[in-house]
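As stored in query.txt (compact mmCIF, C-alpha atoms):
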```txt
# COMPACT_ATOMS: atom_id res chain seq x y z
CA MET A 14 281.01 -65.66 -211.49
CA ILE A 15 277.88 -63.75 -210.65
CA VAL A 16 278.58 -61.29 -207.90
CA GLU A 17 275.90 -59.86 -205.67
CA GLU A 18 276.30 -56.29 -206.90
CA THR A 19 275.88 -57.39 -210.52
CA VAL A 20 272.52 -58.99 -209.74
CA ASN A 21 271.54 -56.09 -207.52
CA ARG A 22 272.35 -53.59 -210.29
CA LEU A 23 270.42 -55.67 -212.83
CA LEU A 24 267.35 -55.68 -210.61
CA ARG A 25 267.67 -51.94 -209.97
CA ASP A 26 267.82 -51.30 -213.71
CA THR A 27 264.83 -53.60 -214.19
CA VAL A 28 262.72 -51.74 -211.64
CA ASP A 29 263.67 -48.39 -213.18
CA LEU A 30 262.82 -49.71 -216.65
CA ILE A 31 259.43 -51.11 -215.63
CA LEU A 32 258.43 -47.95 -213.80
CA ALA A 33 260.00 -45.75 -216.51
CA THR A 34 261.69 -43.75 -213.76
CA PRO A 35 265.49 -43.60 -214.02
CA GLY A 36 267.17 -43.50 -210.62
CA TYR A 37 264.07 -44.81 -208.80
CA SER A 38 265.78 -47.74 -207.15
CA ILE A 39 268.84 -47.90 -204.93
CA ARG A 40 270.87 -50.58 -203.25
CA ALA A 41 269.60 -51.29 -199.73
CA LYS A 42 271.57 -50.84 -196.50
CA GLN A 43 273.80 -47.96 -197.50
CA ASP A 44 275.18 -45.61 -194.89
CA ALA A 45 273.49 -42.66 -196.53
CA PRO A 46 270.36 -40.51 -196.33
CA ARG A 47 267.20 -41.85 -197.88
CA PRO A 48 266.24 -40.39 -201.27
CA PRO A 49 263.94 -37.38 -200.88
CA GLY A 50 261.08 -38.82 -202.97
CA ALA A 51 259.52 -42.22 -203.56
CA TYR A 52 262.03 -44.96 -204.17
CA ALA A 53 262.71 -48.69 -204.18
CA ASP A 54 265.59 -50.58 -202.65
CA VAL A 55 267.05 -53.91 -203.67
CA ASP A 56 268.56 -56.17 -201.04
CA PHE A 57 270.36 -59.50 -201.15
CA LEU A 58 268.74 -62.11 -198.89
CA SER A 59 270.25 -65.52 -199.58
CA ASP A 60 272.25 -67.63 -202.03
CA THR A 61 271.32 -71.31 -201.90
CA SER A 62 273.10 -74.18 -203.63
CA VAL A 63 270.86 -76.54 -205.56
CA GLY A 64 272.48 -79.98 -205.53
CA TRP A 65 276.21 -80.56 -205.71
CA GLU A 66 278.71 -78.63 -207.78
CA GLN A 67 280.11 -80.02 -211.01
CA HIS A 68 283.91 -80.26 -211.30
CA GLU A 69 285.55 -80.10 -214.72
CA LEU A 70 289.23 -81.06 -214.73
CA GLU A 71 291.43 -79.76 -217.50
CA ASP A 72 295.13 -80.36 -218.17
CA ASN A 73 297.18 -77.20 -218.15
CA THR A 74 299.25 -76.72 -221.26
CA GLY A 75 302.22 -75.01 -219.65
CA ASP A 76 302.77 -77.32 -216.66
CA LEU A 77 301.72 -80.61 -215.09
CA ASP A 78 298.98 -79.08 -212.96
CA ILE A 79 295.25 -79.43 -213.51
CA THR A 80 292.66 -76.68 -213.51
CA ASP A 81 289.47 -77.56 -211.66
CA THR A 82 286.49 -75.50 -212.82
CA ILE A 83 283.61 -75.71 -210.36
CA THR A 84 280.08 -74.73 -211.32
CA GLY A 85 276.79 -75.24 -209.61
CA PRO A 86 273.20 -74.04 -209.83
CA ARG A 87 272.18 -71.40 -207.33
CA GLU A 88 268.97 -69.86 -206.11
CA MET A 89 269.54 -66.25 -205.20
CA MET A 90 266.80 -64.57 -203.20
CA MET A 91 266.53 -60.81 -203.40
CA SER A 92 264.09 -58.44 -201.74
CA ILE A 93 262.65 -55.40 -203.50
CA GLY A 94 261.10 -52.80 -201.20
CA PHE A 95 259.06 -49.79 -202.25
CA TYR A 96 258.68 -46.65 -200.15
CA LYS A 97 256.52 -43.54 -200.02
CA ASP A 98 253.91 -42.49 -202.61
CA GLY A 99 252.65 -45.23 -204.90
CA ALA A 100 254.67 -47.93 -203.16
CA ILE A 101 251.98 -50.62 -203.26
CA ASP A 102 250.95 -49.94 -206.86
CA ASN A 103 254.56 -49.84 -208.00
CA CYS A 104 255.34 -53.05 -206.13
CA ARG A 105 252.38 -54.84 -207.76
CA LYS A 106 253.37 -53.51 -211.15
CA VAL A 107 257.00 -54.64 -210.88
CA ARG A 108 256.04 -58.05 -209.49
CA THR A 109 253.85 -58.69 -212.52
CA ALA A 110 256.14 -57.06 -215.10
CA VAL A 111 259.20 -59.17 -214.31
CA THR A 112 257.51 -61.92 -216.36
CA ARG A 113 257.62 -59.77 -219.51
CA GLU A 114 259.57 -61.33 -222.36
CA SER A 115 261.74 -58.22 -222.60
CA ILE A 116 262.66 -58.51 -218.92
CA GLN A 117 263.36 -62.24 -219.30
CA GLU A 118 265.73 -61.35 -222.12
CA LEU A 119 267.42 -58.77 -219.91
CA PHE A 120 267.82 -61.36 -217.16
CA SER A 121 269.15 -63.90 -219.64
CA GLN A 122 271.81 -61.47 -220.85
CA GLY A 123 272.86 -61.00 -217.23
CA GLY A 124 273.14 -64.76 -216.66
CA ILE A 125 270.10 -65.11 -214.42
CA ALA A 126 266.57 -66.42 -214.80
CA LEU A 127 263.36 -65.72 -212.94
CA GLY A 128 262.57 -68.53 -210.51
CA ARG A 129 259.64 -67.52 -208.38
CA ARG A 130 258.22 -64.53 -206.52
CA SER A 131 256.53 -63.97 -203.19
CA ASP A 132 253.26 -62.14 -202.69
CA VAL A 133 253.26 -58.37 -202.51
CA ARG A 134 253.35 -57.47 -198.83
CA GLU A 135 251.89 -54.29 -197.47
CA ILE A 136 254.32 -53.11 -194.79
CA SER A 137 253.42 -49.44 -194.34
CA GLU A 138 255.01 -47.86 -191.30
CA PRO A 139 253.84 -45.12 -188.93
CA LEU A 140 256.48 -42.40 -188.76
CA GLU A 141 256.55 -39.11 -186.87
CA SER A 142 254.81 -37.39 -189.77
CA GLY A 143 252.16 -40.10 -190.26
CA TRP A 144 251.90 -43.35 -192.16
CA GLU A 145 254.49 -43.99 -194.83
CA GLU A 146 253.31 -46.26 -197.63
CA ARG A 147 255.58 -49.26 -198.06
CA ALA A 148 255.41 -52.57 -199.92
CA GLN A 149 257.82 -55.40 -200.62
CA PHE A 150 258.19 -58.70 -202.41
CA ASP A 151 260.92 -61.33 -202.67
CA ILE A 152 262.20 -62.60 -205.95
CA VAL A 153 264.14 -65.84 -206.44
CA LEU A 154 266.56 -65.87 -209.35
CA ASN A 155 268.25 -68.92 -210.80
CA THR A 156 271.87 -68.54 -211.70
CA THR A 157 275.13 -70.44 -211.81
CA GLY A 158 277.85 -70.04 -209.22
CA SER A 159 281.39 -70.78 -210.30
CA ASP A 160 284.85 -71.11 -208.86
CA SER A 161 288.17 -72.54 -210.00
CA ASP A 162 291.19 -74.13 -208.39
CA ILE A 163 294.63 -75.28 -209.49
CA ILE A 164 295.31 -78.88 -208.45
CA ARG A 165 299.06 -79.28 -208.11
CA SER A 166 300.53 -82.46 -209.60
CA ILE A 167 302.66 -84.78 -207.45
CA ARG A 168 306.14 -84.31 -208.85
CA SER A 169 308.04 -86.55 -206.41
CA VAL A 170 307.48 -88.77 -203.35
CA ASP A 171 310.03 -89.26 -200.60
CA ILE A 172 309.92 -92.64 -198.83
CA GLY A 173 311.96 -93.13 -195.66
CA MET A 174 312.55 -96.61 -194.15
CA VAL A 175 314.48 -98.13 -191.25
CA PHE A 176 315.49 -101.79 -191.60
CA GLU A 177 316.56 -103.55 -188.38
CA SER A 178 318.24 -106.97 -188.19
CA ASN A 179 320.57 -108.64 -185.60
CA GLY A 180 320.93 -105.43 -183.65
CA LEU A 181 321.84 -103.44 -186.70
CA SER A 182 319.66 -100.79 -188.31
CA TYR A 183 319.82 -99.53 -191.86
CA ASN A 184 318.26 -96.27 -193.01
CA LEU A 185 316.89 -96.24 -196.51
CA ASN A 186 315.55 -93.21 -198.36
CA ILE A 187 313.93 -93.47 -201.77
CA GLU A 188 312.79 -90.57 -203.90
CA VAL A 189 310.27 -91.47 -206.57
CA GLN A 190 309.99 -89.00 -209.44
CA MET B 18 266.58 -8.74 -178.31
CA PRO B 19 267.37 -12.36 -177.46
CA ILE B 20 270.44 -13.19 -175.47
CA ASN B 21 273.26 -14.37 -177.71
CA VAL B 22 274.39 -17.52 -175.91
CA SER B 23 277.32 -17.96 -178.26
CA GLU B 24 279.02 -15.04 -176.48
CA ALA B 25 279.49 -17.41 -173.55
CA LEU B 26 281.46 -19.77 -175.74
CA ASP B 27 285.14 -18.97 -175.57
CA GLY B 28 288.43 -20.69 -174.89
CA ASP B 29 287.49 -21.21 -171.21
CA THR B 30 284.12 -22.85 -171.83
CA ALA B 31 284.50 -24.46 -175.24
CA GLU B 32 286.96 -26.23 -177.46
CA VAL B 33 287.78 -25.96 -181.13
CA ILE B 34 286.37 -28.76 -183.26
CA THR B 35 286.93 -29.35 -186.98
CA VAL B 36 283.67 -29.92 -188.80
CA SER B 37 283.36 -31.77 -192.10
CA ARG B 38 280.29 -31.14 -194.22
CA THR B 39 279.48 -32.86 -197.46
CA THR B 40 276.75 -33.22 -200.00
CA GLY B 41 276.01 -36.16 -202.21
CA GLY B 42 273.50 -37.97 -204.32
CA TYR B 43 272.54 -41.31 -205.77
CA VAL B 44 274.32 -42.42 -208.93
CA ASN B 45 273.09 -45.72 -210.39
CA GLY B 46 271.51 -46.55 -207.05
CA LEU B 47 274.63 -45.95 -204.99
CA TYR B 48 275.13 -42.93 -202.76
CA VAL B 49 278.18 -40.93 -203.81
CA LYS B 50 279.54 -38.27 -201.46
CA ASN B 51 281.13 -35.13 -202.82
CA PRO B 52 284.46 -33.96 -201.41
CA PRO B 53 283.74 -32.41 -197.99
CA THR B 54 284.31 -28.86 -196.92
CA THR B 55 285.80 -28.33 -193.48
CA PHE B 56 285.62 -25.50 -191.01
CA LYS B 57 286.47 -24.93 -187.36
CA THR B 58 284.10 -23.77 -184.67
CA LEU B 59 284.00 -23.43 -180.92
CA ALA B 60 281.87 -26.01 -179.17
CA SER B 61 281.18 -26.87 -175.56
CA MET B 62 281.36 -30.65 -175.35
CA GLN B 63 279.51 -32.31 -172.48
CA GLN B 64 278.05 -35.63 -171.51
CA PRO B 65 274.35 -35.87 -172.49
CA SER B 66 271.78 -35.76 -169.72
CA HIS B 67 269.31 -38.60 -169.23
CA THR B 68 266.61 -36.37 -170.71
CA GLU B 69 268.67 -35.80 -173.82
CA LEU B 70 269.33 -39.53 -174.13
CA GLN B 71 265.60 -40.17 -174.22
CA ARG B 72 265.27 -38.00 -177.33
CA LEU B 73 267.53 -40.32 -179.31
CA LYS B 74 266.34 -42.97 -181.70
CA GLU B 75 266.37 -46.63 -180.82
CA GLY B 76 269.86 -48.12 -180.77
CA GLN B 77 271.71 -44.83 -180.43
CA ARG B 78 271.95 -44.63 -176.64
CA ASP B 79 274.70 -47.22 -176.26
CA LYS B 80 277.13 -45.31 -178.48
CA THR B 81 279.83 -42.98 -177.23
CA LEU B 82 277.92 -39.71 -177.18
CA PHE B 83 278.61 -36.05 -176.60
CA SER B 84 276.14 -33.26 -176.12
CA PHE B 85 277.39 -30.08 -177.74
CA ILE B 86 276.67 -26.38 -177.93
CA SER B 87 278.46 -24.93 -180.95
CA LYS B 88 278.97 -21.42 -182.20
CA LYS B 89 278.40 -22.31 -185.85
CA PRO B 90 275.41 -24.45 -186.96
CA LEU B 91 276.04 -28.20 -187.07
CA LEU B 92 273.60 -30.19 -189.17
CA THR B 93 272.20 -33.65 -188.77
CA VAL B 94 271.06 -35.80 -191.69
CA ASN B 95 268.53 -34.06 -193.93
CA GLU B 96 266.33 -36.66 -195.61
CA LYS B 97 264.25 -34.08 -197.47
CA GLU B 98 267.36 -32.78 -199.21
CA GLY B 99 269.17 -36.13 -199.18
CA LEU B 100 272.14 -34.68 -197.30
CA PRO B 101 274.32 -36.59 -194.84
CA ALA B 102 275.02 -35.41 -191.31
CA ASP B 103 278.00 -33.25 -190.40
CA THR B 104 280.93 -35.03 -188.81
CA PHE B 105 283.64 -33.52 -186.65
CA THR B 106 286.84 -34.53 -184.96
CA PHE B 107 287.24 -34.05 -181.25
CA LYS B 108 290.22 -35.36 -179.23
CA GLY B 109 291.27 -37.57 -182.12
CA ASN B 110 287.91 -39.26 -182.62
CA THR B 111 285.30 -38.66 -185.30
CA TYR B 112 281.72 -37.96 -184.32
CA GLU B 113 278.54 -37.69 -186.36
CA VAL B 114 275.79 -35.24 -185.51
CA ILE B 115 272.72 -37.39 -184.82
CA ASN B 116 270.50 -34.73 -183.26
CA SER B 117 270.56 -31.02 -183.87
CA GLY B 118 268.41 -28.17 -182.59
CA ASP B 119 268.22 -24.80 -184.29
CA TRP B 120 268.94 -22.16 -181.66
CA SER B 121 270.21 -19.68 -184.24
CA SER B 122 268.03 -16.92 -182.73
CA TYR B 123 270.28 -17.21 -179.69
CA GLY B 124 273.46 -17.59 -181.69
CA HIS B 125 274.20 -21.25 -181.26
CA THR B 126 273.34 -24.83 -182.20
CA SER B 127 272.89 -27.55 -179.65
CA GLY B 128 272.65 -31.24 -180.29
CA ILE B 129 274.13 -34.67 -179.76
CA ALA B 130 276.90 -36.41 -181.64
CA ALA B 131 277.85 -40.09 -181.69
CA GLN B 132 281.32 -41.51 -182.21
CA LEU B 133 281.80 -43.27 -185.54
```

Give the structure from this file in structure tokens form.
Amino acid sequence: MIVEETVNRLLRDTVDLILATPGYSIRAKQDAPRPPGAYADVDFLSDTSVGWEQHELEDNTGDLDITDTITGPREMMMSIGFYKDGAIDNCRKVRTAVTRESIQELFSQGGIALGRRSDVREISEPLESGWEERAQFDIVLNTTGSDSDIIRSIRSVDIGMVFESNGLSYNLNIEVQ
Amino acid sequence: MPINVSEALDGDTAEVITVSRTTGGYVNGLYVKNPPTTFKTLASMQQPSHTELQRLKEGQRDKTLFSFISKKPLLTVNEKEGLPADTFTFKGNTYEVINSGDWSSYGHTSGIAAQL
């Protein structure tokens, strides 16, 4: 099962690789100070199911139960934001470079595939010390969500009955195994 | 010679608070805090005035706040150095320094702290 942090880490590594700057990107929304220099942050936005999940039922070898393996295609939208010096150029560069074959291979190894990307958005912000250069784009990744469940077998059924006739009643209990 | 305001801070006007200070850095994109160092200092804890409240950033005014004057410097977050803000315990609650003014020429630090 793809967990959010795995995808987030993969995108962080991808951004660092494209910009050839180790440690450039961080996970968004941490309760921590911002990095002193220019940086990028990677944020999870949404995880959308595409169609219905597939259920594969498999007999368990050790007991009478059944294992239900559930898989379904997902579209995971992530946001990559760039801050401070070179933010717009870096954002444009990363948005284009995610289509590189080497990056596709990296995604494939991580169990994801590039779906689509938004435009690069210029979102510079005026701060106390002046304008801070900022840019951002969304990236939609295709992946597979999975889950599993144990379906318990019905080992026995209890049937209770009351038979009434001529003022008499008879209780009958049957256990089917 | 400036007046040393910290001389006015004593057991009658201030209380002892335990301050926790830490450093940290980003490792693989996640901020990792180092083990904190702690120290005690005398601080006069008061309710912030309406003027002080107006100095706070958006969204901070509805927190439980204290205005403080401390004998030792208390530091707020330092984005240039990537350092988190000091925290301290006061009457069983933990507070984070969200605003800090350097009055070291007069022997004290004044600022505002918000309950975590």

Self-check item: Nearest candidate to chain A (options B:Asn45, B:Ser127, B:Gln63, B:Asn110; using all atoms listed in the file)
Solution: B:Asn45

Residues of chain A at most 9 Å from chain B: nearest atom pair and distance in Å, only C-alpha atoms, as JSON lines:
```
{"residue": "A:Arg22", "atom": "CA", "partner": "B:Gly46", "partner_atom": "CA", "distance": 7.8}
{"residue": "A:Arg25", "atom": "CA", "partner": "B:Gly46", "partner_atom": "CA", "distance": 7.2}
{"residue": "A:Asp26", "atom": "CA", "partner": "B:Asn45", "partner_atom": "CA", "distance": 8.4}
{"residue": "A:Pro35", "atom": "CA", "partner": "B:Asn45", "partner_atom": "CA", "distance": 8.7}
{"residue": "A:Gly36", "atom": "CA", "partner": "B:Asn45", "partner_atom": "CA", "distance": 6.3}
{"residue": "A:Tyr37", "atom": "CA", "partner": "B:Gly46", "partner_atom": "CA", "distance": 7.8}
{"residue": "A:Ser38", "atom": "CA", "partner": "B:Gly46", "partner_atom": "CA", "distance": 5.9}
{"residue": "A:Ile39", "atom": "CA", "partner": "B:Gly46", "partner_atom": "CA", "distance": 3.7}
{"residue": "A:Arg40", "atom": "CA", "partner": "B:Gly46", "partner_atom": "CA", "distance": 5.6}
{"residue": "A:Ala41", "atom": "CA", "partner": "B:Gly46", "partner_atom": "CA", "distance": 8.9}
{"residue": "A:Gln43", "atom": "CA", "partner": "B:Tyr48", "partner_atom": "CA", "distance": 7.4}
{"residue": "A:Asp44", "atom": "CA", "partner": "B:Tyr48", "partner_atom": "CA", "distance": 8.3}
{"residue": "A:Ala45", "atom": "CA", "partner": "B:Pro101", "partner_atom": "CA", "distance": 6.4}
{"residue": "A:Pro46", "atom": "CA", "partner": "B:Gly99", "partner_atom": "CA", "distance": 5.4}
{"residue": "A:Arg47", "atom": "CA", "partner": "B:Glu96", "partner_atom": "CA", "distance": 5.7}
{"residue": "A:Pro48", "atom": "CA", "partner": "B:Gly99", "partner_atom": "CA", "distance": 5.6}
{"residue": "A:Pro49", "atom": "CA", "partner": "B:Lys97", "partner_atom": "CA", "distance": 4.8}
{"residue": "A:Gly50", "atom": "CA", "partner": "B:Lys97", "partner_atom": "CA", "distance": 7.9}
{"residue": "A:Asp54", "atom": "CA", "partner": "B:Gly46", "partner_atom": "CA", "distance": 8.4}
```

Output file for the selection above: C-alpha atoms, as a JSON list (two decimals), in the coordinates of the input:
```
[["chain", "number", "residue", "atom", "x", "y", "z"],
["A", 22, "ARG", "CA", 272.35, -53.59, -210.29],
["A", 25, "ARG", "CA", 267.67, -51.94, -209.97],
["A", 26, "ASP", "CA", 267.82, -51.30, -213.71],
["A", 35, "PRO", "CA", 265.49, -43.60, -214.02],
["A", 36, "GLY", "CA", 267.17, -43.50, -210.62],
["A", 37, "TYR", "CA", 264.07, -44.81, -208.80],
["A", 38, "SER", "CA", 265.78, -47.74, -207.15],
["A", 39, "ILE", "CA", 268.84, -47.90, -204.93],
["A", 40, "ARG", "CA", 270.87, -50.58, -203.25],
["A", 41, "ALA", "CA", 269.60, -51.29, -199.73],
["A", 43, "GLN", "CA", 273.80, -47.96, -197.50],
["A", 44, "ASP", "CA", 275.18, -45.61, -194.89],
["A", 45, "ALA", "CA", 273.49, -42.66, -196.53],
["A", 46, "PRO", "CA", 270.36, -40.51, -196.33],
["A", 47, "ARG", "CA", 267.20, -41.85, -197.88],
["A", 48, "PRO", "CA", 266.24, -40.39, -201.27],
["A", 49, "PRO", "CA", 263.94, -37.38, -200.88],
["A", 50, "GLY", "CA", 261.08, -38.82, -202.97],
["A", 54, "ASP", "CA", 265.59, -50.58, -202.65]]
```

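The space between CA of Arg147 in chain A and CA of Lys74 in chain B spans 20.6 Å.
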
Exercise. Would you kindly return, as a ChimeraX atom specification, each protein, DNA or RNA residue with an atom no farther than 12 Å from any atom of Ser115 in chain A, considering all atoms listed in the file and excluding same-chain residues fewer than 5 positions away?
Key: /A:27,30-31,110,120-122

Quiz item: Hey, which of A:Gly158, A:Tyr183, A:Ile163, A:Phe150 ends up closest to Glu17 in chain A? Count all atoms listed in the file.
Solution: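 Ranked by minimum distance to Glu17 in chain A, first place goes to A:Gly158.
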
Quiz item: So how many Å separate CA of Met90 in chain A and CA of Ala148 in chain A, to one decimal?
Solution: 16.9 Å

Self-check item: Within 7 Å of Ser87 in chain B using only C-alpha atoms, minus same-chain residues under 3 positions, as a list in words
Solution: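 Neighbouring residues, sequence-local ones excluded: Thr58, Leu59, Ala60, Ser61, Pro90, His125, Thr126 and Ser127 of chain B.
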
Would you output that residue set with C-alpha atoms, as a compact mmCIF listing (two decimals), in the frame of the given file?
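What follows is the written file part.txt:
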```
# COMPACT_ATOMS: atom_id res chain seq x y z
CA THR B 58 284.10 -23.77 -184.67
CA LEU B 59 284.00 -23.43 -180.92
CA ALA B 60 281.87 -26.01 -179.17
CA SER B 61 281.18 -26.87 -175.56
CA PRO B 90 275.41 -24.45 -186.96
CA HIS B 125 274.20 -21.25 -181.26
CA THR B 126 273.34 -24.83 -182.20
CA SER B 127 272.89 -27.55 -179.65
```

Exercise. Could you check how far CA of Glu118 in chain A sits from CA of Thr156 in chain A, in Å to one decimal?
Key: 14.1 Å

Self-check item: From B:Ser122, B:Thr93, B:Asn116, B:Gln132, residue lying nearest Leu70 in chain B [all atoms listed in the file]
Solution: B:Asn116

Self-check item: Residue contacts of Gly99 in chain A (9 Å, only C-alpha atoms) excluding same-chain residues fewer than 5 positions away, as number ranges by chain
Solution: A: 51, 104, 146-147

Practice problem: Give as a list in words each residue that has an atom at most 10 Å from (268.9, -70.8, -208.9) in the file, counting all atoms listed in the file. | Solution: Asp60, Thr61, Ser62, Val63, Gly85, Pro86, Arg87, Glu88, Met89, Met90, Ile125, Ala126, Leu127, Gly128, Arg129, Val153, Leu154, Asn155, Thr156, Thr157 and Gly158 of chain A

Practice problem: Select, from A:Gln149, A:Ser92, A:Thr74, A:Asn21, the residue with the minimum atom-to-atom distance to Lys106 in chain A, counting all atoms listed in the file. | Solution: A:Gln149

Self-check item: Distance query Phe56 in chain B at most 9 Å, only C-alpha atoms, self and fewer than 2 positions along chain excluded, as a PyMOL selection string
Solution: chain B and resi 34-38+54+58

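Restricting the calculation to only C-alpha atoms, the smallest distance between Asp81 in chain A and any of A:Val111, A:Ile172, A:Leu185, A:Ile164 is found for A:Ile164.
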
Self-check item: Neighbour residues at most 12 Å from (284.2, -80.5, -208.6) (only C-alpha atoms) as number ranges by chain
Solution: A: 65-71, 80-85, 159-164

Selection from above, C-alpha atoms, as a short mmCIF file (atom, residue, chain, number, x, y, z; two decimals), in the coordinates of the input, can you write it?
```
data_model
loop_
_atom_site.label_atom_id
_atom_site.label_comp_id
_atom_site.auth_asym_id
_atom_site.auth_seq_id
_atom_site.Cartn_x
_atom_site.Cartn_y
_atom_site.Cartn_z
CA TRP A 65 276.21 -80.56 -205.71
CA GLU A 66 278.71 -78.63 -207.78
CA GLN A 67 280.11 -80.02 -211.01
CA HIS A 68 283.91 -80.26 -211.30
CA GLU A 69 285.55 -80.10 -214.72
CA LEU A 70 289.23 -81.06 -214.73
CA GLU A 71 291.43 -79.76 -217.50
CA THR A 80 292.66 -76.68 -213.51
CA ASP A 81 289.47 -77.56 -211.66
CA THR A 82 286.49 -75.50 -212.82
CA ILE A 83 283.61 -75.71 -210.36
CA THR A 84 280.08 -74.73 -211.32
CA GLY A 85 276.79 -75.24 -209.61
CA SER A 159 281.39 -70.78 -210.30
CA ASP A 160 284.85 -71.11 -208.86
CA SER A 161 288.17 -72.54 -210.00
CA ASP A 162 291.19 -74.13 -208.39
CA ILE A 163 294.63 -75.28 -209.49
CA ILE A 164 295.31 -78.88 -208.45
#
```

Six-sided padding of 5 Å per side, axis-aligned box over range 91-102 of chain B, centre and edges in Å, one decimal, as AutoDock Vina command-line options:
```
--center_x 270.1 --center_y -32.4 --center_z -193.1 --size_x 21.8 --size_y 18.5 --size_z 22.1
```

For range 23-35 of chain A, supply N, CA, C and O atoms and report the output as a PDB file, keeping the file's coordinate frame.
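And here is the file that came out, selection-v8.pdb:
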```
ATOM      1  N   LEU A  23     271.346 -55.219-211.785  1.00  0.00           N
ATOM      2  CA  LEU A  23     270.420 -55.670-212.830  1.00  0.00           C
ATOM      3  C   LEU A  23     268.974 -55.499-212.372  1.00  0.00           C
ATOM      4  O   LEU A  23     268.119 -55.030-213.135  1.00  0.00           O
ATOM      5  N   LEU A  24     268.719 -55.839-211.122  1.00  0.00           N
ATOM      6  CA  LEU A  24     267.350 -55.680-210.610  1.00  0.00           C
ATOM      7  C   LEU A  24     266.983 -54.195-210.476  1.00  0.00           C
ATOM      8  O   LEU A  24     265.845 -53.812-210.739  1.00  0.00           O
ATOM      9  N   ARG A  25     267.944 -53.390-210.062  1.00  0.00           N
ATOM     10  CA  ARG A  25     267.670 -51.940-209.970  1.00  0.00           C
ATOM     11  C   ARG A  25     267.317 -51.379-211.343  1.00  0.00           C
ATOM     12  O   ARG A  25     266.347 -50.625-211.484  1.00  0.00           O
ATOM     13  N   ASP A  26     268.097 -51.769-212.343  1.00  0.00           N
ATOM     14  CA  ASP A  26     267.820 -51.300-213.710  1.00  0.00           C
ATOM     15  C   ASP A  26     266.458 -51.798-214.179  1.00  0.00           C
ATOM     16  O   ASP A  26     265.727 -51.083-214.872  1.00  0.00           O
ATOM     17  N   THR A  27     266.115 -53.024-213.796  1.00  0.00           N
ATOM     18  CA  THR A  27     264.830 -53.600-214.190  1.00  0.00           C
ATOM     19  C   THR A  27     263.667 -52.817-213.589  1.00  0.00           C
ATOM     20  O   THR A  27     262.701 -52.485-214.279  1.00  0.00           O
ATOM     21  N   VAL A  28     263.781 -52.514-212.304  1.00  0.00           N
ATOM     22  CA  VAL A  28     262.720 -51.740-211.640  1.00  0.00           C
ATOM     23  C   VAL A  28     262.587 -50.364-212.292  1.00  0.00           C
ATOM     24  O   VAL A  28     261.466 -49.911-212.587  1.00  0.00           O
ATOM     25  N   ASP A  29     263.709 -49.716-212.549  1.00  0.00           N
ATOM     26  CA  ASP A  29     263.670 -48.390-213.180  1.00  0.00           C
ATOM     27  C   ASP A  29     263.020 -48.464-214.565  1.00  0.00           C
ATOM     28  O   ASP A  29     262.246 -47.582-214.954  1.00  0.00           O
ATOM     29  N   LEU A  30     263.355 -49.543-215.290  1.00  0.00           N
ATOM     30  CA  LEU A  30     262.820 -49.710-216.650  1.00  0.00           C
ATOM     31  C   LEU A  30     261.316 -49.939-216.611  1.00  0.00           C
ATOM     32  O   LEU A  30     260.556 -49.312-217.361  1.00  0.00           O
ATOM     33  N   ILE A  31     260.864 -50.801-215.711  1.00  0.00           N
ATOM     34  CA  ILE A  31     259.430 -51.110-215.630  1.00  0.00           C
ATOM     35  C   ILE A  31     258.624 -49.879-215.234  1.00  0.00           C
ATOM     36  O   ILE A  31     257.562 -49.612-215.776  1.00  0.00           O
ATOM     37  N   LEU A  32     259.164 -49.136-214.281  1.00  0.00           N
ATOM     38  CA  LEU A  32     258.430 -47.950-213.800  1.00  0.00           C
ATOM     39  C   LEU A  32     258.739 -46.711-214.642  1.00  0.00           C
ATOM     40  O   LEU A  32     258.182 -45.640-214.370  1.00  0.00           O
ATOM     41  N   ALA A  33     259.612 -46.874-215.633  1.00  0.00           N
ATOM     42  CA  ALA A  33     260.000 -45.750-216.510  1.00  0.00           C
ATOM     43  C   ALA A  33     260.451 -44.549-215.700  1.00  0.00           C
ATOM     44  O   ALA A  33     260.124 -43.401-216.003  1.00  0.00           O
ATOM     45  N   THR A  34     261.195 -44.820-214.629  1.00  0.00           N
ATOM     46  CA  THR A  34     261.690 -43.750-213.760  1.00  0.00           C
ATOM     47  C   THR A  34     263.174 -43.992-213.472  1.00  0.00           C
ATOM     48  O   THR A  34     263.516 -44.723-212.540  1.00  0.00           O
ATOM     49  N   PRO A  35     264.052 -43.408-214.279  1.00  0.00           N
ATOM     50  CA  PRO A  35     265.490 -43.600-214.020  1.00  0.00           C
ATOM     51  C   PRO A  35     265.873 -43.127-212.613  1.00  0.00           C
ATOM     52  O   PRO A  35     265.402 -42.081-212.148  1.00  0.00           O
TER      53      PRO A  35
END
```
